[in-house]
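K.L.:
Supplied structure: structure03.txt, compact mmCIF, C-alpha atoms.
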# COMPACT_ATOMS: atom_id res chain seq x y z
CA MET A 1 -118.15 -2.00 74.48
CA LYS A 2 -120.17 -0.31 77.16
CA GLU A 3 -117.17 0.04 79.50
CA ILE A 4 -115.16 1.76 76.73
CA CYS A 5 -118.02 4.11 75.80
CA GLU A 6 -118.36 5.20 79.41
CA GLN A 7 -114.79 6.54 79.39
CA PHE A 8 -115.59 9.18 76.76
CA PRO A 9 -116.09 12.74 78.08
CA SER A 10 -119.80 13.51 78.19
CA THR A 11 -119.77 17.27 78.91
CA LYS A 12 -118.33 20.31 77.16
CA GLU A 13 -116.13 20.90 80.17
CA GLY A 14 -114.82 17.35 79.97
CA LEU A 15 -114.12 17.71 76.25
CA GLN A 16 -112.13 20.92 76.88
CA VAL A 17 -113.15 22.23 73.44
CA ASP A 18 -112.70 25.74 74.82
CA LYS A 19 -108.97 25.19 74.31
CA ILE A 20 -109.46 25.24 70.54
CA ASP A 21 -108.59 28.62 69.02
CA ILE A 22 -111.91 28.96 67.19
CA GLY A 23 -110.90 32.40 65.88
CA LYS A 24 -108.74 30.62 63.31
CA LEU A 25 -111.61 28.49 61.98
CA THR A 26 -113.81 29.45 59.07
CA PRO A 27 -117.47 30.16 59.96
CA SER A 28 -118.73 27.13 58.01
CA ILE A 29 -116.48 24.57 59.73
CA LEU A 30 -117.06 26.20 63.11
CA GLN A 31 -120.82 25.86 62.70
CA LEU A 32 -120.47 22.24 61.58
CA PHE A 33 -118.12 21.45 64.47
CA ASN A 34 -120.55 22.95 67.02
CA GLU A 35 -123.38 20.84 65.58
CA ILE A 36 -121.23 17.71 65.83
CA VAL A 37 -120.30 18.49 69.45
CA GLU A 38 -123.96 18.97 70.35
CA ASN A 39 -124.98 15.70 68.65
CA TYR A 40 -122.05 13.85 70.22
CA LEU A 41 -122.99 14.98 73.75
CA LYS A 42 -126.58 13.92 73.15
CA LEU A 43 -125.28 10.52 72.03
CA CYS A 44 -123.04 10.17 75.09
CA ASN A 45 -125.85 10.98 77.49
CA SER A 46 -128.48 8.73 75.95
CA PRO A 47 -129.79 6.15 78.46
CA PRO A 48 -127.94 2.79 78.28
CA GLU A 49 -131.24 0.91 78.21
CA SER A 50 -132.37 2.73 75.04
CA PRO A 51 -129.58 2.89 72.45
CA PRO A 52 -129.73 5.76 69.95
CA PRO A 53 -131.52 5.07 66.66
CA LYS A 54 -129.19 4.06 63.85
CA THR A 55 -130.59 6.89 61.76
CA GLU A 56 -129.24 9.40 64.29
CA CYS A 57 -125.83 7.75 64.27
CA SER A 58 -125.78 7.66 60.46
CA SER A 59 -126.72 11.33 60.29
CA LEU A 60 -123.96 12.25 62.73
CA LEU A 61 -121.43 10.15 60.79
CA LEU A 62 -122.26 12.12 57.62
CA LYS A 63 -121.53 15.40 59.42
CA ILE A 64 -118.34 13.94 60.86
CA GLU A 65 -117.13 12.80 57.42
CA SER A 66 -117.85 16.24 55.99
CA ALA A 67 -115.80 17.86 58.77
CA LEU A 68 -112.93 15.38 58.38
CA ASN A 69 -112.80 15.93 54.61
CA TYR A 70 -112.69 19.70 55.09
CA VAL A 71 -109.94 19.51 57.71
CA TRP A 72 -108.03 16.99 55.57
CA GLU A 73 -107.79 19.57 52.80
CA GLN A 74 -106.41 22.13 55.25
CA LEU A 75 -103.81 19.63 56.48
CA HIS A 76 -102.65 18.94 52.94
CA THR A 77 -102.30 22.55 51.83
CA GLY A 78 -98.64 23.57 51.66
CA GLN A 79 -95.89 22.22 53.91
CA TRP A 80 -96.89 20.02 56.87
CA LYS A 81 -94.69 22.06 59.22
CA ASP A 82 -96.61 25.22 58.24
CA VAL A 83 -100.08 23.83 59.01
CA ASP A 84 -101.70 25.67 61.92
CA PRO A 85 -101.98 23.27 64.91
CA VAL A 86 -105.67 24.16 65.28
CA TRP A 87 -106.49 22.00 62.22
CA ARG A 88 -104.66 18.99 63.62
CA GLN A 89 -106.42 19.56 66.95
CA LEU A 90 -109.77 19.69 65.19
CA TYR A 91 -108.99 16.48 63.30
CA SER A 92 -108.29 14.70 66.59
CA TYR A 93 -111.54 15.86 68.17
CA VAL A 94 -113.68 14.87 65.20
CA SER A 95 -111.92 11.49 65.12
CA LEU A 96 -112.80 11.06 68.81
CA PHE A 97 -116.47 11.73 68.01
CA LYS A 98 -116.34 9.27 65.11
CA THR A 99 -114.88 6.59 67.39
CA GLN A 100 -117.71 7.02 69.90
CA VAL A 101 -120.40 6.79 67.21
CA TYR A 102 -119.02 3.48 65.92
CA LEU A 103 -118.86 2.09 69.45
CA LYS A 104 -122.44 3.15 70.13
CA LEU A 105 -123.61 1.41 66.96
CA ASP A 106 -122.31 -1.86 68.45
CA GLU A 107 -122.23 -3.77 65.16
CA ASP A 108 -119.94 -6.58 64.00
CA THR A 109 -117.45 -4.17 62.46
CA SER A 110 -117.78 -1.43 65.08
CA LEU A 111 -114.55 -2.18 66.95
CA HIS A 112 -112.51 -2.28 63.73
CA LEU A 113 -114.00 0.99 62.48
CA ALA A 114 -113.60 2.63 65.89
CA ILE A 115 -109.91 1.77 66.26
CA ALA A 116 -109.25 2.95 62.69
CA ALA A 117 -110.89 6.30 63.53
CA CYS A 118 -108.72 6.58 66.65
CA ASP A 119 -105.54 5.92 64.72
CA MET A 120 -106.34 8.43 62.00
CA GLY A 121 -106.77 11.03 64.73
CA LEU A 122 -103.39 10.04 66.16
CA ILE A 123 -101.62 9.98 62.78
CA MET A 124 -102.99 13.24 61.41
CA GLY A 125 -103.98 15.12 64.56
CA GLU A 126 -102.57 16.56 67.77
CA PRO A 127 -102.57 14.90 71.21
CA ILE A 128 -105.75 15.86 73.10
CA LEU A 129 -107.16 15.13 76.55
CA ASP A 130 -103.93 13.63 77.94
CA GLY A 131 -103.57 10.96 75.29
CA PHE A 132 -107.21 9.90 75.30
CA LEU A 133 -107.26 8.57 71.72
CA SER A 134 -104.16 6.48 72.32
CA ASN A 135 -105.62 4.96 75.49
CA ILE A 136 -108.93 4.11 73.80
CA ALA A 137 -107.18 2.59 70.78
CA SER A 138 -105.10 0.42 73.11
CA LYS A 139 -108.21 -0.85 74.90
CA ILE A 140 -109.97 -1.61 71.61
CA ASN A 141 -106.89 -3.44 70.28
CA GLU A 142 -106.83 -5.53 73.47
CA LYS A 143 -110.52 -6.40 73.05
CA LEU A 144 -110.05 -7.38 69.42
CA TRP A 145 -107.06 -9.53 70.32
CA GLU A 146 -108.96 -11.28 73.09
CA SER A 147 -111.91 -11.99 70.79
CA SER A 148 -109.75 -13.24 67.92
CA GLN A 149 -110.60 -16.82 67.02
CA ASN A 150 -107.26 -17.53 65.43
CA LYS A 151 -104.49 -15.93 67.45
CA ILE A 152 -101.43 -16.60 65.37
CA THR A 153 -98.33 -17.55 67.30
CA PHE A 154 -95.42 -16.92 65.00
CA LYS A 155 -92.05 -18.44 65.68
CA GLU A 156 -89.11 -16.62 64.22
CA ASN A 157 -88.38 -18.25 60.88
CA GLN A 158 -84.89 -19.74 61.00
CA MET A 159 -85.09 -20.50 57.29
CA GLU A 160 -85.49 -16.80 56.54
CA ILE A 161 -82.47 -15.99 58.69
CA GLU A 162 -80.45 -18.64 56.86
CA ARG A 163 -81.57 -17.38 53.46
CA GLY A 164 -80.67 -13.87 54.55
CA ILE A 165 -77.08 -14.93 55.15
CA GLU A 166 -76.75 -15.49 51.40
CA CYS A 167 -77.29 -11.75 50.96
CA TYR A 168 -74.59 -10.75 53.43
CA PRO A 169 -71.91 -8.72 51.63
CA GLN A 170 -68.24 -9.49 52.05
CA LEU A 171 -66.83 -6.80 54.31
CA ASN A 172 -63.37 -5.31 53.94
CA THR A 173 -61.70 -5.75 57.34
CA GLU A 174 -59.80 -2.49 56.83
CA ASN A 175 -63.07 -0.55 56.48
CA LEU A 176 -64.95 -1.81 59.51
CA ILE A 177 -66.66 0.66 61.83
CA GLU A 178 -65.08 0.68 65.28
CA THR A 179 -66.97 -1.15 68.04
CA VAL A 180 -66.95 0.05 71.66
CA HIS A 181 -68.63 -1.76 74.56
CA ALA A 182 -70.86 0.56 76.63
CA PRO A 183 -68.63 3.65 76.58
CA SER A 184 -68.94 5.94 79.58
CA ILE A 185 -70.69 9.28 79.17
CA GLU A 186 -67.34 11.03 79.53
CA THR A 187 -65.70 8.86 76.86
CA PHE A 188 -68.60 9.37 74.48
CA LEU A 189 -68.63 13.14 75.01
CA LEU A 190 -64.87 13.65 74.69
CA ASP A 191 -63.81 11.01 72.15
CA ILE A 192 -66.83 10.12 70.04
CA MET A 193 -69.62 12.71 69.84
CA ASN A 194 -69.39 14.80 66.66
CA LYS A 195 -66.11 13.07 65.80
CA LYS A 196 -66.77 9.59 64.42
CA PRO A 197 -69.36 6.84 63.99
CA ILE A 198 -69.12 3.84 66.32
CA ILE A 199 -71.02 0.67 67.09
CA ILE A 200 -72.03 0.53 70.74
CA THR A 201 -72.62 -2.85 72.36
CA GLY A 202 -74.01 -3.52 75.82
CA ALA A 203 -76.25 -0.42 75.87
CA MET A 204 -79.47 -2.27 74.99
CA ASP A 205 -79.08 -5.36 77.18
CA PHE A 206 -81.65 -4.19 79.73
CA TRP A 207 -84.33 -3.12 77.29
CA PRO A 208 -87.62 -4.99 77.81
CA ALA A 209 -87.79 -5.35 74.00
CA MET A 210 -84.60 -7.43 74.21
CA GLY A 211 -85.81 -9.56 77.13
CA GLU A 212 -89.14 -10.28 78.79
CA LYS A 213 -91.06 -8.37 76.11
CA ARG A 214 -89.00 -9.63 73.22
CA TRP A 215 -90.20 -8.02 70.00
CA SER A 216 -91.50 -10.82 67.81
CA VAL A 217 -94.22 -10.88 65.20
CA SER A 218 -96.67 -12.48 67.63
CA TYR A 219 -95.88 -9.86 70.29
CA LEU A 220 -96.44 -7.01 67.82
CA ARG A 221 -99.73 -8.60 66.78
CA LYS A 222 -100.88 -8.70 70.39
CA VAL A 223 -99.88 -5.14 71.28
CA ALA A 224 -100.65 -3.41 67.98
CA GLY A 225 -102.09 -5.86 65.46
CA TYR A 226 -105.31 -3.93 64.79
CA ARG A 227 -103.68 -0.49 64.74
CA THR A 228 -103.55 1.51 61.50
CA VAL A 229 -100.08 2.72 60.44
CA PRO A 230 -98.59 4.37 57.34
CA ILE A 231 -96.19 2.24 55.32
CA GLU A 232 -93.97 2.77 52.31
CA ILE A 233 -94.52 0.59 49.24
CA GLY A 234 -91.35 -0.19 47.27
CA SER A 235 -87.84 -1.22 48.22
CA LYS A 236 -86.57 2.39 48.45
CA TYR A 237 -88.02 5.89 48.39
CA THR A 238 -86.10 6.95 45.26
CA ASP A 239 -87.87 4.39 43.07
CA ASP A 240 -90.37 5.78 40.56
CA ALA A 241 -93.02 3.33 41.74
CA TRP A 242 -92.56 4.20 45.44
CA SER A 243 -95.76 5.14 47.24
CA GLN A 244 -97.39 5.27 50.67
CA SER A 245 -100.42 3.50 52.06
CA LEU A 246 -102.35 2.94 55.28
CA THR A 247 -102.75 -0.57 56.66
CA THR A 248 -103.14 -2.37 59.96
CA VAL A 249 -100.11 -3.96 61.57
CA ASN A 250 -101.74 -7.39 61.11
CA GLU A 251 -102.25 -6.78 57.39
CA PHE A 252 -98.70 -5.50 57.06
CA ILE A 253 -97.32 -8.63 58.73
CA ASP A 254 -99.45 -10.93 56.58
CA ASP A 255 -98.85 -9.16 53.25
CA TYR A 256 -95.23 -8.04 53.57
CA ILE A 257 -93.49 -10.00 56.34
CA LEU A 258 -94.69 -13.61 56.61
CA THR A 259 -95.65 -14.39 53.03
CA PRO A 260 -94.88 -11.32 50.90
CA LYS A 261 -97.59 -11.00 48.26
CA LYS A 262 -97.50 -7.34 47.38
CA GLY A 263 -93.82 -6.61 46.77
CA LYS A 264 -91.79 -4.68 49.32
CA GLY A 265 -93.47 -2.84 52.17
CA TYR A 266 -91.73 -0.91 54.92
CA LEU A 267 -92.86 0.85 58.08
CA ALA A 268 -90.07 3.40 57.91
CA GLN A 269 -89.03 6.45 59.94
CA TYR A 270 -92.40 6.68 61.62
CA GLN A 271 -93.18 7.99 65.12
CA LEU A 272 -94.85 4.73 66.14
CA PHE A 273 -94.00 5.22 69.80
CA GLU A 274 -96.15 8.34 70.04
CA GLN A 275 -99.09 6.48 68.54
CA ILE A 276 -98.59 3.26 70.55
CA PRO A 277 -96.97 4.11 73.93
CA GLN A 278 -96.92 0.43 75.01
CA LEU A 279 -94.09 -0.12 72.54
CA LYS A 280 -92.25 2.93 73.85
CA ASN A 281 -92.27 1.31 77.30
CA ASP A 282 -90.23 -1.56 75.81
CA ILE A 283 -87.24 0.64 75.00
CA ILE A 284 -84.94 2.86 77.04
CA ILE A 285 -83.58 6.06 75.56
CA PRO A 286 -79.76 5.92 75.83
CA ASP A 287 -78.19 8.46 78.18
CA TYR A 288 -75.98 9.59 75.30
CA CYS A 289 -79.07 11.20 73.72
CA TYR A 290 -79.25 13.76 76.53
CA LEU A 291 -75.79 15.20 75.87
CA GLY A 292 -75.35 18.54 74.15
CA THR A 293 -77.52 21.66 74.18
CA CYS A 294 -80.61 20.39 72.38
CA ASP A 295 -83.33 18.65 74.41
CA ASP A 296 -85.31 17.37 71.40
CA ILE A 297 -85.32 13.59 71.09
CA ASN A 298 -87.32 12.13 68.22
CA LEU A 299 -88.11 8.42 68.29
CA ASN A 300 -88.80 6.68 65.00
CA ALA A 301 -89.50 3.06 64.15
CA TRP A 302 -88.49 0.88 61.22
CA PHE A 303 -90.06 -2.54 60.61
CA GLY A 304 -89.75 -4.43 57.38
CA PRO A 305 -88.70 -7.54 55.47
CA ARG A 306 -85.34 -8.53 54.09
CA GLY A 307 -84.25 -6.47 51.09
CA THR A 308 -85.65 -3.05 52.00
CA ILE A 309 -83.20 -0.22 51.37
CA SER A 310 -82.58 3.28 52.66
CA PRO A 311 -80.64 4.94 49.80
CA LEU A 312 -77.40 6.75 50.57
CA HIS A 313 -78.41 9.96 52.36
CA TYR A 314 -77.61 12.13 55.37
CA ASP A 315 -79.63 13.60 58.26
CA PRO A 316 -79.01 16.89 60.07
CA ASP A 317 -79.15 15.24 63.52
CA HIS A 318 -77.20 12.97 65.80
CA ASN A 319 -78.53 9.46 65.19
CA PHE A 320 -78.61 6.32 67.31
CA LEU A 321 -79.77 3.35 65.23
CA SER A 322 -80.71 0.64 67.70
CA GLN A 323 -81.20 -2.83 66.21
CA ILE A 324 -83.76 -4.84 68.18
CA VAL A 325 -84.37 -7.80 65.83
CA GLY A 326 -82.59 -8.86 62.65
CA SER A 327 -79.58 -7.34 60.93
CA LYS A 328 -78.68 -4.56 58.51
CA TYR A 329 -75.79 -3.88 56.16
CA ILE A 330 -74.68 -0.26 56.63
CA ARG A 331 -72.11 1.78 54.71
CA LEU A 332 -71.02 5.28 55.76
CA TYR A 333 -69.33 8.19 53.98
CA ASP A 334 -67.97 11.34 55.57
CA GLU A 335 -69.51 14.72 54.78
CA LYS A 336 -66.14 15.75 53.30
CA VAL A 337 -66.66 13.50 50.25
CA THR A 338 -70.14 14.80 49.44
CA SER A 339 -69.11 15.96 45.97
CA SER A 340 -68.11 12.38 45.10
CA LEU A 341 -71.53 11.05 46.13
CA TYR A 342 -73.53 13.02 43.54
CA PRO A 343 -76.48 14.36 45.58
CA HIS A 344 -79.75 14.90 43.73
CA GLU A 345 -80.19 18.43 42.45
CA GLN A 346 -83.91 18.73 43.19
CA GLU A 347 -84.81 20.34 46.50
CA LEU A 348 -86.74 17.41 47.98
CA LEU A 349 -83.82 14.97 47.56
CA PHE A 350 -80.88 17.31 48.16
CA ASN A 351 -79.64 15.06 51.00
CA THR A 352 -79.85 11.85 48.93
CA SER A 353 -77.23 10.44 46.56
CA GLN A 354 -78.05 9.47 42.98
CA VAL A 355 -75.69 6.49 43.23
CA ASP A 356 -76.87 2.91 43.72
CA VAL A 357 -74.28 2.05 46.36
CA GLU A 358 -74.03 -1.70 45.77
CA GLN A 359 -74.42 -1.50 41.98
CA PRO A 360 -72.85 1.85 41.07
CA ASP A 361 -72.75 3.20 37.53
CA PHE A 362 -69.15 4.44 37.37
CA GLU A 363 -69.64 5.78 33.86
CA HIS A 364 -72.14 8.34 35.16
CA PHE A 365 -70.62 8.70 38.65
CA PRO A 366 -66.86 8.20 38.20
CA LEU A 367 -65.76 9.92 41.45
CA PHE A 368 -67.80 7.51 43.56
CA SER A 369 -65.30 4.68 43.07
CA SER A 370 -62.60 6.58 44.97
CA ALA A 371 -64.78 7.84 47.82
CA PRO A 372 -63.54 6.29 51.12
CA TYR A 373 -66.11 4.59 53.34
CA VAL A 374 -66.57 2.43 56.41
CA GLU A 375 -69.10 -0.35 56.81
CA THR A 376 -70.64 -2.87 59.18
CA ILE A 377 -73.38 -5.40 59.68
CA LEU A 378 -75.48 -4.12 62.56
CA GLU A 379 -76.75 -7.07 64.56
CA SER A 380 -79.51 -7.43 67.15
CA GLY A 381 -78.60 -5.75 70.44
CA SER A 382 -76.14 -3.30 68.86
CA MET A 383 -76.48 0.44 68.39
CA LEU A 384 -74.84 2.62 65.73
CA TYR A 385 -74.04 6.25 66.50
CA LEU A 386 -73.92 8.61 63.51
CA PRO A 387 -72.72 12.22 63.78
CA PRO A 388 -74.81 14.83 61.95
CA LYS A 389 -74.57 14.89 58.15
CA MET A 390 -72.81 11.54 57.89
CA TRP A 391 -73.93 9.83 54.70
CA HIS A 392 -75.39 6.37 55.32
CA TYR A 393 -76.74 3.55 53.19
CA VAL A 394 -78.81 0.78 54.82
CA ARG A 395 -80.03 -2.59 53.49
CA SER A 396 -81.96 -5.08 55.61
CA LEU A 397 -80.52 -8.59 55.61
CA SER A 398 -83.48 -10.18 57.39
CA THR A 399 -86.86 -9.21 58.76
CA THR A 400 -85.98 -6.41 61.13
CA HIS A 401 -87.56 -4.33 63.85
CA PHE A 402 -85.46 -1.51 65.18
CA GLN A 403 -85.85 1.98 66.39
CA CYS A 404 -83.81 5.09 65.97
CA GLU A 405 -83.40 8.03 68.28
CA LYS A 406 -82.62 11.29 66.58
CA ARG A 407 -81.36 14.35 68.37
CA GLY A 408 -81.58 17.90 67.11
CA ASN A 409 -83.94 19.77 64.85
CA SER A 410 -85.16 17.74 61.90
CA VAL A 411 -86.05 19.48 58.67
CA LEU A 412 -89.79 18.82 58.56
CA GLY A 413 -91.62 19.10 55.30
CA HIS A 414 -95.00 17.96 54.08
CA LYS A 415 -96.45 14.90 55.77
CA PRO A 416 -97.96 12.96 52.87
CA ILE A 417 -100.34 10.21 53.97
CA ALA A 418 -102.45 8.18 51.59
CA LYS A 419 -106.13 8.56 52.38
CA THR A 420 -108.29 5.44 52.46
Please express what this file holds, its structure, as structure tokens.

P.N.:
Amino acid sequence: MKEICEQFPSTKEGLQVDKIDIGKLTPSILQLFNEIVENYLKLCNSPPESPPPKTECSSLLLKIESALNYVWEQLHTGQWKDVDPVWRQLYSYVSLFKTQVYLKLDEDTSLHLAIAACDMGLIMGEPILDGFLSNIASKINEKLWESSQNKITFKENQMEIERGIECYPQLNTENLIETVHAPSIETFLLDIMNKKPIIITGAMDFWPAMGEKRWSVSYLRKVAGYRTVPIEIGSKYTDDAWSQSLTTVNEFIDDYILTPKKGKGYLAQYQLFEQIPQLKNDIIIPDYCYLGTCDDINLNAWFGPRGTISPLHYDPDHNFLSQIVGSKYIRLYDEKVTSSLYPHEQELLFNTSQVDVEQPDFEHFPLFSSAPYVETILESGSMLYLPPKMWHYVRSLSTTHFQCEKRGNSVLGHKPIAKT
């Protein structure tokens, strides 16, 4: 762990804490933060031959936990989009300090605790020091993988794929979404964009995730197995029992993918590529995403078992759903038939239908039966383009890993994360 510890900044100048807008901090948290910085620098500069006493590390950890708890409350007050960035920045810095303390302790669980601290800083905080937390987390994950005594090599389960076929719906050939092979930029701009949904083939053939770095369970374990990520618990977010939790990728694979023991779990619509850039290197953003006047491109990841559902809903952005592994059943409805889809009346679910698409209650939602739709089964290597505000329903037919690029300004609300 010594080589990792030595990469941590050991001076105030190196930490660049002067970039924090301390005028927005309360006096009590500012004083506590300054004490933590001072103790952290003392820890960093302690001689390698004489490790710091555990009592000092324990004392510093208590201060760090107090600071994290205080900042956590600030992060969870009001809407996530309205939180001042200074609190997310502070959370990242204190998480960095926590990571270093665990590494300095050099105990059996130190690496696991250190990488968890890194990931919490990445999930709840702001990028600092040119992606320092992400780089350290990657190095720790690599060390943990190398030291693992039982590296699990998982072969894709053909039996699961075969069982999944039983769940494939019968598609109406008259309602199939049009498929186009690698349309040119001009064709996409003039004939497709903002006009209609299409399935694009041939646009993902050169992605590393589809070839030499094929996304499999064993590959994800190697690259990100010890990383902490937020997951959704429940088959769909409209269920009463739906909740969120934090878990490692390894635990998620063991508990929800290989041998599901805890019901349905889904890593859904999460910015995994910001947290784990190695996975981002495995994909290539389609050129189509750069069309139009908006430069914002949001990358989100979905990873889950067969049977997970995204209820019928719409997004305000252009969407490119890119299927890397597995398959999904997808049904689409035009914005023009919104009134026949019975959107929820409450503000948080205004863009979500009340109708269970594959088992509709026509007594309560009679107009739904006459609403026209198109559908498809999105297979590995194919990409689905959705214009803004197109209603879409998605059900996974097998264990799937895919990512979605969204263009435009998303409506960001509170970012609820379960604390563990």

K.L.:
Provide the CA of Leu111 (chain A) to CA of Thr247 (chain A) distance in Å, to one decimal place.

P.N.:
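For CA of Leu111 (chain A) relative to CA of Thr247 (chain A), the distance reads 15.7 Å.
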
K.L.:
With the cut-off set at 8 Å and counting all atoms listed in the file, tabulate each residue of region 50-118 of chain A with an atom at most that distance from an atom of region 123-128 of chain A, showing the nearest atom pair and its distance in Å to one decimal, ordered by chain and increasing number, as CSV.

P.N.:
residue,atom,partner,partner_atom,distance
A:Pro85,CA,A:Glu126,CA,7.3
A:Trp87,CA,A:Gly125,CA,7.7
A:Arg88,CA,A:Gly125,CA,4.0
A:Gln89,CA,A:Glu126,CA,4.9
A:Leu90,CA,A:Gly125,CA,7.4
A:Tyr91,CA,A:Gly125,CA,5.3
A:Ser92,CA,A:Gly125,CA,4.8
A:Tyr93,CA,A:Ile128,CA,7.6

K.L.:
Pull C-alpha atoms from the residues just selected and write them as a compact mmCIF listing (two decimals), in the coordinates of the input.

P.N.:
# COMPACT_ATOMS: atom_id res chain seq x y z
CA PRO A 85 -101.98 23.27 64.91
CA TRP A 87 -106.49 22.00 62.22
CA ARG A 88 -104.66 18.99 63.62
CA GLN A 89 -106.42 19.56 66.95
CA LEU A 90 -109.77 19.69 65.19
CA TYR A 91 -108.99 16.48 63.30
CA SER A 92 -108.29 14.70 66.59
CA TYR A 93 -111.54 15.86 68.17

K.L.:
Can you tell me which residues surround Tyr168 (chain A) at a distance of at most 10 Å, considering only C-alpha atoms, apart from same-chain residues fewer than 6 positions away, and format the answer as an mmCIF file with C-alpha atoms, in the coordinates of the input?

P.N.:
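Saved result, out_13.cif, follows:
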data_model
loop_
_atom_site.group_PDB
_atom_site.id
_atom_site.type_symbol
_atom_site.label_atom_id
_atom_site.label_comp_id
_atom_site.auth_asym_id
_atom_site.auth_seq_id
_atom_site.Cartn_x
_atom_site.Cartn_y
_atom_site.Cartn_z
ATOM 1 C CA SER A 327 -79.580 -7.340 60.930
ATOM 2 C CA LYS A 328 -78.680 -4.560 58.510
ATOM 3 C CA TYR A 329 -75.790 -3.880 56.160
ATOM 4 C CA ILE A 377 -73.380 -5.400 59.680
ATOM 5 C CA ARG A 395 -80.030 -2.590 53.490
ATOM 6 C CA SER A 396 -81.960 -5.080 55.610
ATOM 7 C CA LEU A 397 -80.520 -8.590 55.610
ATOM 8 C CA SER A 398 -83.480 -10.180 57.390
#

K.L.:
Go through region 43-130 of chain A residue by residue and, counting all atoms listed in the file, keep those with an atom at most 12 Å from region 248-255 of chain A; for each kept residue give the shortest atom pair and its distance in Å to one decimal, ordered by chain and increasing number, as a Markdown table.

P.N.:
| residue | atom | partner | partner_atom | distance |
| --- | --- | --- | --- | --- |
| A:His112 | CA | A:Thr248 | CA | 10.1 |
| A:Leu113 | CA | A:Thr248 | CA | 11.6 |
| A:Ile115 | CA | A:Thr248 | CA | 10.1 |
| A:Ala116 | CA | A:Thr248 | CA | 8.5 |
| A:Asp119 | CA | A:Thr248 | CA | 9.9 |
| A:Met120 | CA | A:Thr248 | CA | 11.4 |

K.L.:
What is the CA of Gly211 (chain A) to CA of Ile199 (chain A) distance in Å?

P.N.:
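Result for CA of Gly211 (chain A) versus CA of Ile199 (chain A): 20.6 Å, one decimal.
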
K.L.:
At what distance in Å, to one decimal, does CA of Glu375 (chain A) lie from CA of Lys389 (chain A)?

P.N.:
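Rounded to one decimal, the two atoms are 16.2 Å apart.
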
K.L.:
Pick out the closest residue to Glu174 (chain A) from this set: A:Val229, A:Leu246, A:Val374, A:Ala241. Count all atoms listed in the file.

P.N.:
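Residue with the minimum atom-to-atom distance to Glu174 (chain A): A:Val374.
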
K.L.:
Quick one: everything within 12 Å of Phe132 (chain A), counting only C-alpha atoms, minus sequence neighbours fewer than 5 positions away in the same chain. Send it as JSON, numbers by chain.

P.N.:
{"A": [4, 7, 8, 9, 14, 15, 92, 93, 95, 96, 97, 99, 118, 119, 121, 122, 126, 127, 137, 138, 139, 275, 276, 277]}

K.L.:
Within 12 Å of region 285-296 of chain A, counting only C-alpha atoms, which residues qualify if same-chain residues fewer than 6 places away don't, as a VMD selection string?

P.N.:
chain A and resid 182 to 190 192 to 194 200 to 208 273 317 to 322 383 to 387 403 to 410
